[in-house]
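Q: For reference, the file my_file_1.pdb (PDB, C-alpha atoms, pLDDT in the B column) is included below:
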```pdb
ATOM      1  CA  MET T  21       0.000   0.000   0.000  1.00 78.00           C
ATOM      2  CA  VAL T  22       1.134   3.556  -0.772  1.00 87.00           C
ATOM      3  CA  SER T  23       0.541   6.111   1.978  1.00 89.00           C
ATOM      4  CA  LYS T  24      -0.700   9.646   1.317  1.00 92.00           C
ATOM      5  CA  ASN T  25       2.689  11.054   2.314  1.00 93.00           C
ATOM      6  CA  GLN T  26       4.428   8.702  -0.109  1.00 93.00           C
ATOM      7  CA  ILE T  27       2.067   9.705  -2.922  1.00 94.00           C
ATOM      8  CA  LYS T  28       2.751  13.373  -2.170  1.00 96.00           C
ATOM      9  CA  LEU T  29       6.519  12.815  -2.188  1.00 96.00           C
ATOM     10  CA  ILE T  30       6.552  10.705  -5.346  1.00 96.00           C
ATOM     11  CA  THR T  31       4.365  13.064  -7.380  1.00 95.00           C
ATOM     12  CA  SER T  32       6.437  16.047  -6.202  1.00 97.00           C
ATOM     13  CA  LEU T  33       9.546  14.465  -7.719  1.00 97.00           C
ATOM     14  CA  GLN T  34       8.182  15.231 -11.173  1.00 95.00           C
ATOM     15  CA  GLN T  35       9.426  18.772 -10.468  1.00 96.00           C
ATOM     16  CA  LYS T  36      13.116  19.624 -10.449  1.00 96.00           C
ATOM     17  CA  LYS T  37      13.034  21.742  -7.264  1.00 97.00           C
ATOM     18  CA  TYR T  38      11.677  18.833  -5.224  1.00 97.00           C
ATOM     19  CA  ARG T  39      14.149  16.366  -6.748  1.00 98.00           C
ATOM     20  CA  LYS T  40      16.895  18.753  -5.667  1.00 96.00           C
ATOM     21  CA  GLN T  41      15.345  19.232  -2.230  1.00 97.00           C
ATOM     22  CA  HIS T  42      14.946  15.503  -1.495  1.00 97.00           C
ATOM     23  CA  GLN T  43      17.918  14.333  -3.616  1.00 98.00           C
ATOM     24  CA  LEU T  44      15.699  11.636  -5.104  1.00 98.00           C
ATOM     25  CA  PHE T  45      14.494  10.729  -8.600  1.00 98.00           C
ATOM     26  CA  LEU T  46      11.912   8.404 -10.162  1.00 96.00           C
ATOM     27  CA  ALA T  47      12.551   5.397 -12.363  1.00 96.00           C
ATOM     28  CA  GLU T  48       9.839   3.247 -13.933  1.00 95.00           C
ATOM     29  CA  GLY T  49       9.863  -0.149 -15.616  1.00 92.00           C
ATOM     30  CA  LYS T  50      11.787  -3.315 -14.744  1.00 92.00           C
ATOM     31  CA  LYS T  51      14.574  -2.758 -17.307  1.00 92.00           C
ATOM     32  CA  VAL T  52      15.430   0.771 -16.179  1.00 94.00           C
ATOM     33  CA  ILE T  53      15.168  -0.091 -12.487  1.00 94.00           C
ATOM     34  CA  GLN T  54      17.275  -3.244 -12.832  1.00 93.00           C
ATOM     35  CA  GLU T  55      19.951  -1.324 -14.776  1.00 94.00           C
ATOM     36  CA  LEU T  56      20.158   1.216 -11.946  1.00 95.00           C
ATOM     37  CA  LEU T  57      20.317  -1.520  -9.301  1.00 95.00           C
ATOM     38  CA  ASP T  58      23.092  -3.282 -11.236  1.00 94.00           C
ATOM     39  CA  ALA T  59      25.003   0.018 -11.388  1.00 94.00           C
ATOM     40  CA  ASN T  60      24.768   0.298  -7.578  1.00 94.00           C
ATOM     41  CA  TYR T  61      22.474   3.320  -7.493  1.00 96.00           C
ATOM     42  CA  GLU T  62      21.145   3.611  -3.957  1.00 96.00           C
ATOM     43  CA  LEU T  63      17.525   2.467  -3.807  1.00 97.00           C
ATOM     44  CA  GLU T  64      15.157   4.351  -1.504  1.00 96.00           C
ATOM     45  CA  VAL T  65      11.982   2.344  -2.150  1.00 96.00           C
ATOM     46  CA  LEU T  66      10.448   0.174  -4.875  1.00 96.00           C
ATOM     47  CA  PHE T  67       6.743  -0.295  -5.637  1.00 95.00           C
ATOM     48  CA  SER T  68       5.563  -3.087  -7.918  1.00 94.00           C
ATOM     49  CA  THR T  69       2.298  -4.696  -9.008  1.00 93.00           C
ATOM     50  CA  ASP T  70       3.694  -8.184  -9.583  1.00 84.00           C
ATOM     51  CA  VAL T  71       7.323  -7.984 -10.698  1.00 79.00           C
ATOM     52  CA  SER T  72       9.868  -9.525  -8.342  1.00 79.00           C
ATOM     53  CA  PHE T  73      13.355  -8.150  -7.679  1.00 82.00           C
ATOM     54  CA  PRO T  74      15.155 -10.894  -5.711  1.00 79.00           C
ATOM     55  CA  SER T  75      18.157  -8.696  -4.868  1.00 81.00           C
ATOM     56  CA  VAL T  76      16.100  -5.903  -3.296  1.00 90.00           C
ATOM     57  CA  ASP T  77      15.882  -5.541   0.473  1.00 91.00           C
ATOM     58  CA  LYS T  78      12.398  -6.697   1.519  1.00 89.00           C
ATOM     59  CA  LEU T  79      12.008  -3.605   3.696  1.00 91.00           C
ATOM     60  CA  LYS T  80      12.325  -1.449   0.559  1.00 94.00           C
ATOM     61  CA  PHE T  81      10.020  -3.540  -1.625  1.00 93.00           C
ATOM     62  CA  HIS T  82       6.258  -2.932  -1.587  1.00 92.00           C
ATOM     63  CA  THR T  83       3.579  -4.701  -3.599  1.00 92.00           C
ATOM     64  CA  ILE T  84       0.829  -2.342  -4.772  1.00 93.00           C
ATOM     65  CA  THR T  85      -2.280  -2.467  -6.964  1.00 93.00           C
ATOM     66  CA  GLU T  86      -2.548  -1.095 -10.508  1.00 92.00           C
ATOM     67  CA  ASN T  87      -4.846   1.668  -9.238  1.00 93.00           C
ATOM     68  CA  GLU T  88      -2.239   2.715  -6.661  1.00 93.00           C
ATOM     69  CA  LEU T  89       0.440   2.722  -9.359  1.00 93.00           C
ATOM     70  CA  LYS T  90      -1.698   5.028 -11.492  1.00 92.00           C
ATOM     71  CA  LYS T  91      -1.668   7.565  -8.643  1.00 93.00           C
ATOM     72  CA  ILE T  92       2.120   7.807  -8.538  1.00 94.00           C
ATOM     73  CA  THR T  93       3.295   7.183 -12.117  1.00 93.00           C
ATOM     74  CA  ALA T  94       4.744   9.957 -14.265  1.00 90.00           C
ATOM     75  CA  LEU T  95       3.839   8.043 -17.425  1.00 87.00           C
ATOM     76  CA  THR T  96       0.647   8.281 -19.492  1.00 84.00           C
ATOM     77  CA  THR T  97       0.558   4.474 -19.605  1.00 84.00           C
ATOM     78  CA  PRO T  98       1.867   3.136 -16.254  1.00 82.00           C
ATOM     79  CA  ASN T  99       4.523   0.447 -16.201  1.00 87.00           C
ATOM     80  CA  ASP T 100       4.386  -2.377 -13.651  1.00 91.00           C
ATOM     81  CA  CYS T 101       6.883  -0.933 -11.179  1.00 94.00           C
ATOM     82  CA  LEU T 102       8.252   2.382  -9.909  1.00 96.00           C
ATOM     83  CA  ALA T 103      11.282   3.107  -7.771  1.00 96.00           C
ATOM     84  CA  LEU T 104      12.878   6.044  -5.996  1.00 97.00           C
ATOM     85  CA  PHE T 105      16.659   6.298  -6.136  1.00 98.00           C
ATOM     86  CA  LYS T 106      19.040   8.700  -4.457  1.00 98.00           C
ATOM     87  CA  ILE T 107      20.695  11.164  -6.829  1.00 97.00           C
ATOM     88  CA  PRO T 108      24.406  10.298  -6.949  1.00 94.00           C
ATOM     89  CA  LEU T 109      27.206  12.840  -6.659  1.00 90.00           C
ATOM     90  CA  GLU T 110      28.482  14.236  -9.964  1.00 85.00           C
ATOM     91  CA  LYS T 111      31.766  12.748 -11.120  1.00 83.00           C
ATOM     92  CA  GLU T 112      34.732  14.859 -12.144  1.00 80.00           C
ATOM     93  CA  LEU T 113      35.146  16.183 -15.668  1.00 79.00           C
ATOM     94  CA  VAL T 114      37.265  13.942 -17.897  1.00 75.00           C
ATOM     95  CA  ASN T 115      39.699  15.875 -20.097  1.00 76.00           C
ATOM     96  CA  SER T 116      40.373  13.164 -22.682  1.00 79.00           C
ATOM     97  CA  GLY T 117      38.741  11.121 -25.428  1.00 90.00           C
ATOM     98  CA  LEU T 118      35.509  12.277 -27.036  1.00 95.00           C
ATOM     99  CA  VAL T 119      33.324  14.542 -24.920  1.00 96.00           C
ATOM    100  CA  LEU T 120      29.808  15.582 -25.914  1.00 98.00           C
ATOM    101  CA  MET T 121      28.462  18.979 -24.875  1.00 98.00           C
ATOM    102  CA  LEU T 122      24.838  20.167 -25.032  1.00 98.00           C
ATOM    103  CA  ASP T 123      24.078  23.880 -25.263  1.00 98.00           C
ATOM    104  CA  ASP T 124      20.566  24.311 -23.776  1.00 97.00           C
ATOM    105  CA  VAL T 125      18.809  21.199 -25.094  1.00 97.00           C
ATOM    106  CA  ARG T 126      15.325  21.486 -23.602  1.00 97.00           C
ATOM    107  CA  ASP T 127      13.325  18.424 -24.720  1.00 97.00           C
ATOM    108  CA  PRO T 128      13.412  15.457 -22.271  1.00 97.00           C
ATOM    109  CA  GLY T 129      13.052  12.923 -25.069  1.00 96.00           C
ATOM    110  CA  ASN T 130      16.019  14.427 -26.914  1.00 97.00           C
ATOM    111  CA  LEU T 131      18.251  14.342 -23.842  1.00 98.00           C
ATOM    112  CA  GLY T 132      17.242  10.767 -23.021  1.00 98.00           C
ATOM    113  CA  THR T 133      17.978   9.638 -26.569  1.00 98.00           C
ATOM    114  CA  ILE T 134      21.324  11.475 -26.595  1.00 98.00           C
ATOM    115  CA  ILE T 135      22.338   9.717 -23.368  1.00 98.00           C
ATOM    116  CA  ARG T 136      21.546   6.377 -25.024  1.00 98.00           C
ATOM    117  CA  LEU T 137      23.648   7.433 -28.012  1.00 98.00           C
ATOM    118  CA  CYS T 138      26.557   8.294 -25.710  1.00 98.00           C
ATOM    119  CA  ASP T 139      26.271   4.836 -24.183  1.00 97.00           C
ATOM    120  CA  TRP T 140      26.142   3.212 -27.645  1.00 98.00           C
ATOM    121  CA  PHE T 141      29.127   5.107 -29.066  1.00 97.00           C
ATOM    122  CA  GLY T 142      31.238   4.933 -25.920  1.00 96.00           C
ATOM    123  CA  ILE T 143      31.052   8.611 -24.966  1.00 96.00           C
ATOM    124  CA  GLU T 144      31.695   8.506 -21.228  1.00 93.00           C
ATOM    125  CA  THR T 145      31.202  12.206 -20.442  1.00 94.00           C
ATOM    126  CA  LEU T 146      28.232  14.397 -21.386  1.00 97.00           C
ATOM    127  CA  ILE T 147      28.466  18.045 -20.325  1.00 97.00           C
ATOM    128  CA  CYS T 148      25.155  19.915 -20.203  1.00 98.00           C
ATOM    129  CA  SER T 149      24.622  23.643 -19.890  1.00 98.00           C
ATOM    130  CA  GLU T 150      22.831  24.723 -16.750  1.00 96.00           C
ATOM    131  CA  ALA T 151      19.688  25.471 -18.809  1.00 96.00           C
ATOM    132  CA  THR T 152      19.569  21.999 -20.365  1.00 98.00           C
ATOM    133  CA  VAL T 153      16.659  19.853 -19.167  1.00 98.00           C
ATOM    134  CA  ASP T 154      17.367  17.987 -15.909  1.00 98.00           C
ATOM    135  CA  VAL T 155      18.791  14.501 -16.439  1.00 98.00           C
ATOM    136  CA  TYR T 156      16.602  13.227 -13.574  1.00 97.00           C
ATOM    137  CA  ASN T 157      13.378  14.442 -15.162  1.00 97.00           C
ATOM    138  CA  PRO T 158      11.221  11.251 -15.215  1.00 95.00           C
ATOM    139  CA  LYS T 159      10.795  11.507 -18.999  1.00 95.00           C
ATOM    140  CA  VAL T 160      14.562  11.727 -19.482  1.00 97.00           C
ATOM    141  CA  VAL T 161      15.219   8.760 -17.186  1.00 97.00           C
ATOM    142  CA  GLN T 162      12.617   6.712 -19.052  1.00 94.00           C
ATOM    143  CA  ALA T 163      13.999   7.657 -22.477  1.00 95.00           C
ATOM    144  CA  THR T 164      17.523   6.559 -21.516  1.00 96.00           C
ATOM    145  CA  MET T 165      16.309   2.965 -21.014  1.00 93.00           C
ATOM    146  CA  GLY T 166      19.010   2.432 -18.404  1.00 93.00           C
ATOM    147  CA  SER T 167      21.893   4.171 -20.203  1.00 96.00           C
ATOM    148  CA  ILE T 168      21.778   6.896 -17.554  1.00 96.00           C
ATOM    149  CA  SER T 169      23.700   4.468 -15.337  1.00 94.00           C
ATOM    150  CA  ARG T 170      26.663   4.291 -17.740  1.00 95.00           C
ATOM    151  CA  VAL T 171      27.156   7.918 -18.852  1.00 96.00           C
ATOM    152  CA  ASN T 172      28.709  10.613 -16.670  1.00 94.00           C
ATOM    153  CA  VAL T 173      26.343  13.599 -17.024  1.00 96.00           C
ATOM    154  CA  ILE T 174      27.725  16.882 -15.724  1.00 95.00           C
ATOM    155  CA  TYR T 175      25.927  20.248 -15.502  1.00 96.00           C
ATOM    156  CA  ALA T 176      28.253  23.212 -15.798  1.00 95.00           C
ATOM    157  CA  ASN T 177      28.915  26.608 -17.299  1.00 96.00           C
ATOM    158  CA  LEU T 178      29.961  25.699 -20.850  1.00 97.00           C
ATOM    159  CA  ILE T 179      32.329  28.661 -21.264  1.00 96.00           C
ATOM    160  CA  GLU T 180      34.219  27.757 -18.090  1.00 95.00           C
ATOM    161  CA  SER T 181      34.280  24.076 -19.049  1.00 94.00           C
ATOM    162  CA  LEU T 182      35.639  24.747 -22.541  1.00 94.00           C
ATOM    163  CA  ASN T 183      38.395  26.934 -21.088  1.00 92.00           C
ATOM    164  CA  LYS T 184      39.442  24.025 -18.852  1.00 89.00           C
ATOM    165  CA  ILE T 185      39.466  21.352 -21.576  1.00 90.00           C
ATOM    166  CA  ASP T 186      42.599  21.125 -23.684  1.00 89.00           C
ATOM    167  CA  LEU T 187      40.953  19.507 -26.710  1.00 93.00           C
ATOM    168  CA  PRO T 188      39.784  20.688 -30.151  1.00 95.00           C
ATOM    169  CA  VAL T 189      36.181  21.905 -30.081  1.00 97.00           C
ATOM    170  CA  PHE T 190      33.783  20.935 -32.874  1.00 97.00           C
ATOM    171  CA  GLY T 191      30.502  22.778 -33.345  1.00 97.00           C
ATOM    172  CA  THR T 192      27.580  21.840 -35.582  1.00 93.00           C
ATOM    173  CA  PHE T 193      26.400  24.632 -37.901  1.00 92.00           C
ATOM    174  CA  MET T 194      24.410  24.820 -41.132  1.00 88.00           C
ATOM    175  CA  ASP T 195      27.353  26.590 -42.800  1.00 90.00           C
ATOM    176  CA  GLY T 196      30.018  24.239 -41.413  1.00 94.00           C
ATOM    177  CA  GLU T 197      32.315  21.962 -43.425  1.00 95.00           C
ATOM    178  CA  ASN T 198      30.829  18.725 -44.770  1.00 96.00           C
ATOM    179  CA  ILE T 199      31.460  16.129 -42.063  1.00 96.00           C
ATOM    180  CA  TYR T 200      31.623  13.338 -44.647  1.00 95.00           C
ATOM    181  CA  GLN T 201      34.673  14.997 -46.199  1.00 95.00           C
ATOM    182  CA  GLN T 202      36.607  15.402 -42.944  1.00 92.00           C
ATOM    183  CA  LYS T 203      38.975  13.106 -41.080  1.00 91.00           C
ATOM    184  CA  MET T 204      37.674  13.214 -37.539  1.00 92.00           C
ATOM    185  CA  PRO T 205      40.049  12.797 -34.553  1.00 93.00           C
ATOM    186  CA  ASN T 206      39.740  10.326 -31.677  1.00 91.00           C
ATOM    187  CA  GLU T 207      39.669  13.146 -29.138  1.00 94.00           C
ATOM    188  CA  GLY T 208      37.729  16.368 -28.960  1.00 96.00           C
ATOM    189  CA  VAL T 209      34.633  18.149 -27.686  1.00 97.00           C
ATOM    190  CA  ILE T 210      31.505  17.991 -29.841  1.00 98.00           C
ATOM    191  CA  VAL T 211      28.978  20.765 -29.171  1.00 98.00           C
ATOM    192  CA  MET T 212      25.308  20.323 -30.086  1.00 97.00           C
ATOM    193  CA  GLY T 213      22.994  23.322 -29.863  1.00 96.00           C
ATOM    194  CA  ASN T 214      19.508  24.183 -28.719  1.00 95.00           C
ATOM    195  CA  GLU T 215      16.598  22.731 -30.724  1.00 92.00           C
ATOM    196  CA  ALA T 216      15.416  26.129 -31.973  1.00 91.00           C
ATOM    197  CA  ASN T 217      18.430  28.445 -31.753  1.00 92.00           C
ATOM    198  CA  GLY T 218      21.458  26.209 -32.210  1.00 94.00           C
ATOM    199  CA  ILE T 219      24.748  27.000 -30.468  1.00 97.00           C
ATOM    200  CA  SER T 220      24.816  30.254 -28.498  1.00 96.00           C
ATOM    201  CA  LYS T 221      27.073  33.120 -29.622  1.00 96.00           C
ATOM    202  CA  GLN T 222      29.227  32.914 -26.493  1.00 96.00           C
ATOM    203  CA  VAL T 223      29.956  29.211 -27.024  1.00 97.00           C
ATOM    204  CA  GLU T 224      30.364  29.707 -30.779  1.00 96.00           C
ATOM    205  CA  GLU T 225      33.354  31.989 -30.134  1.00 96.00           C
ATOM    206  CA  LEU T 226      35.219  29.036 -28.584  1.00 97.00           C
ATOM    207  CA  ILE T 227      34.546  26.616 -31.473  1.00 96.00           C
ATOM    208  CA  SER T 228      37.745  25.665 -33.321  1.00 95.00           C
ATOM    209  CA  LYS T 229      36.120  23.635 -36.132  1.00 96.00           C
ATOM    210  CA  ARG T 230      32.674  24.191 -37.680  1.00 97.00           C
ATOM    211  CA  ILE T 231      31.094  21.042 -39.120  1.00 96.00           C
ATOM    212  CA  ALA T 232      27.791  20.283 -40.831  1.00 95.00           C
ATOM    213  CA  ILE T 233      25.643  17.375 -41.995  1.00 94.00           C
ATOM    214  CA  PRO T 234      24.914  18.175 -45.660  1.00 91.00           C
ATOM    215  CA  ARG T 235      21.398  18.047 -47.122  1.00 87.00           C
ATOM    216  CA  PHE T 236      20.984  15.688 -50.085  1.00 87.00           C
ATOM    217  CA  GLY T 237      17.343  16.347 -50.990  1.00 75.00           C
ATOM    218  CA  LYS T 238      16.746  17.961 -54.391  1.00 70.00           C
ATOM    219  CA  LEU T 239      15.011  21.052 -52.996  1.00 64.00           C
ATOM    220  CA  LYS T 240      17.121  21.282 -49.817  1.00 66.00           C
ATOM    221  CA  GLN T 241      14.354  23.112 -48.014  1.00 64.00           C
ATOM    222  CA  THR T 242      14.491  21.220 -44.705  1.00 67.00           C
ATOM    223  CA  GLU T 243      15.587  23.786 -42.133  1.00 70.00           C
ATOM    224  CA  SER T 244      17.315  21.461 -39.675  1.00 76.00           C
ATOM    225  CA  LEU T 245      17.579  17.991 -38.182  1.00 88.00           C
ATOM    226  CA  ASN T 246      16.272  16.977 -34.785  1.00 94.00           C
ATOM    227  CA  VAL T 247      19.188  17.414 -32.337  1.00 96.00           C
ATOM    228  CA  ALA T 248      19.149  13.764 -31.256  1.00 97.00           C
ATOM    229  CA  THR T 249      19.126  12.587 -34.883  1.00 97.00           C
ATOM    230  CA  ALA T 250      21.984  14.953 -35.721  1.00 96.00           C
ATOM    231  CA  THR T 251      23.935  13.715 -32.689  1.00 98.00           C
ATOM    232  CA  ALA T 252      23.609  10.112 -33.890  1.00 98.00           C
ATOM    233  CA  ILE T 253      25.049  11.016 -37.307  1.00 97.00           C
ATOM    234  CA  ILE T 254      27.873  13.129 -35.853  1.00 97.00           C
ATOM    235  CA  LEU T 255      28.940  10.494 -33.307  1.00 97.00           C
ATOM    236  CA  SER T 256      28.825   7.797 -35.969  1.00 96.00           C
ATOM    237  CA  GLU T 257      31.205   9.789 -38.162  1.00 96.00           C
ATOM    238  CA  PHE T 258      33.620  10.413 -35.299  1.00 96.00           C
ATOM    239  CA  ARG T 259      33.673   6.679 -34.527  1.00 94.00           C
ATOM    240  CA  ARG T 260      33.881   5.517 -38.165  1.00 88.00           C
TER     241      ARG T 260
END
```
Could you render the structure from this file as structure tokens?
A:
Amino acid sequence: MVSKNQIKLITSLQQKKYRKQHQLFLAEGKKVIQELLDANYELEVLFSTDVSFPSVDKLKFHTITENELKKITALTTPNDCLALFKIPLEKELVNSGLVLMLDDVRDPGNLGTIIRLCDWFGIETLICSEATVDVYNPKVVQATMGSISRVNVIYANLIESLNKIDLPVFGTFMDGENIYQQKMPNEGVIVMGNEANGISKQVEELISKRIAIPRFGKLKQTESLNVATATAIILSEFRR
């Protein structure tokens, strides 16, 4: 059974200020929850309709009804289990290899997908501007499908971060050089911009190489690619 206080706490965690206040975040679905458990995220409590988690402390495991789950889920279609985890401490910035940087990406689905892409392409560090959507937003956590446990996501001032990193900085622009005609290095910072406005002027000044994904359509009237789609293409070319 879920108490009224628990319902109030869980539903409040859909807002960033309460996640920060309680240092807790939501995760839903057996796959995501199991990935977080396997990565040694600290479990606060787990609610489930019928799914068993043998490794979970019985004092932290609670069986609930589907109607109770509907009261606490952040999803339109509830999964069969929901857990609260403690937000871990941010790891230190890694100044080597390929680093991905997001300049004010606002859509939770985009950030979740980008985190999965980082996991797929072996990008260990993802630096997000302070205005980028919160990585512990329930929609972001869900969209990562567990990859959140394997990517170091850091929120920082991008200007300060770029001044600390001794690596070439690649920015994606419509007028950049054709990425398919470039030899991409094994190390560097790749900056992806905001969905509507692209890379900010302040960050643009620190870009050392402007790159672009060329349009091949006959009319070439498509204004831009979705940022997550563009990230997939860019990372693929860097790893090719």
Q: Exactly which residues make up the result of the PyMOL selection byres ((chain T and resi 213) around 9) on this file, given as a compact mmCIF listing (two decimals) with C-alpha atoms, in the frame of the given file?
A:
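Just written: selection04.txt:
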```txt
# COMPACT_ATOMS: atom_id res chain seq x y z
CA MET T 121 28.46 18.98 -24.88
CA LEU T 122 24.84 20.17 -25.03
CA ASP T 123 24.08 23.88 -25.26
CA ASP T 124 20.57 24.31 -23.78
CA VAL T 125 18.81 21.20 -25.09
CA GLY T 191 30.50 22.78 -33.34
CA THR T 192 27.58 21.84 -35.58
CA PHE T 193 26.40 24.63 -37.90
CA VAL T 211 28.98 20.76 -29.17
CA MET T 212 25.31 20.32 -30.09
CA ASN T 214 19.51 24.18 -28.72
CA GLU T 215 16.60 22.73 -30.72
CA ALA T 216 15.42 26.13 -31.97
CA ASN T 217 18.43 28.44 -31.75
CA GLY T 218 21.46 26.21 -32.21
CA ILE T 219 24.75 27.00 -30.47
CA SER T 220 24.82 30.25 -28.50
CA VAL T 247 19.19 17.41 -32.34
```
Q: Which residue gives the smallest distance to Met21 (chain T) among T:Thr69, T:Glu64, T:Leu56, T:Lys51, with only C-alpha atoms counted?
A: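 Looking only at the distances to Met21 (chain T), the closest residue turns out to be T:Thr69.
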Q: Can you measure CA of Arg235 (chain T) to CA of Met204 (chain T) for me? One decimal in Å is fine.
A: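 Computed distance, CA of Arg235 (chain T) to CA of Met204 (chain T), equals 19.5 Å.
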Q: Find the residues with any atom within 12 Å of (17.6, 9.3, -36.9); use only C-alpha atoms and the coordinates as given in the file, and write the answer as a PyMOL selection string.
A: chain T and resi 130+133-134+137+245-256
Q: Excluding Leu131 (chain T) and residues on its chain fewer than 3 positions from it, collect all residues at most 10 Å away from it, counting all atoms listed in the file, and give them as an NGL selection string.
A: :T and (122 or 125-128 or 134-137 or 148 or 152-155 or 157 or 159-161 or 163-164 or 247-248)
Q: Tyr156 (chain T): which residues within 8 Å, counting all atoms listed in the file, same-chain residues fewer than 5 positions away excluded, as a list in words?
A: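 These residues fall inside the cut-off: Lys36, Arg39, Phe45, Leu46 and Val161 of chain T.
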Q: Quick one: which region 132-231 of chain T residues come within 8 Å of region 89-111 of chain T, and what is the nearest atom pair for each with the distance in Å to one decimal, counting only C-alpha atoms, rows ordered by chain and ascending number, as JSON lines?
A:
```
{"residue": "T:Pro158", "atom": "CA", "partner": "T:Ala94", "partner_atom": "CA", "distance": 6.7}
{"residue": "T:Lys159", "atom": "CA", "partner": "T:Ala94", "partner_atom": "CA", "distance": 7.8}
{"residue": "T:Asn172", "atom": "CA", "partner": "T:Lys111", "partner_atom": "CA", "distance": 6.7}
{"residue": "T:Val173", "atom": "CA", "partner": "T:Glu110", "partner_atom": "CA", "distance": 7.4}
{"residue": "T:Ile174", "atom": "CA", "partner": "T:Glu110", "partner_atom": "CA", "distance": 6.4}
```
Q: Can you measure CA of Ser149 (chain T) to CA of Ser181 (chain T) for me? One decimal in Å is fine.
A: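 Computed distance, CA of Ser149 (chain T) to CA of Ser181 (chain T), equals 9.7 Å.
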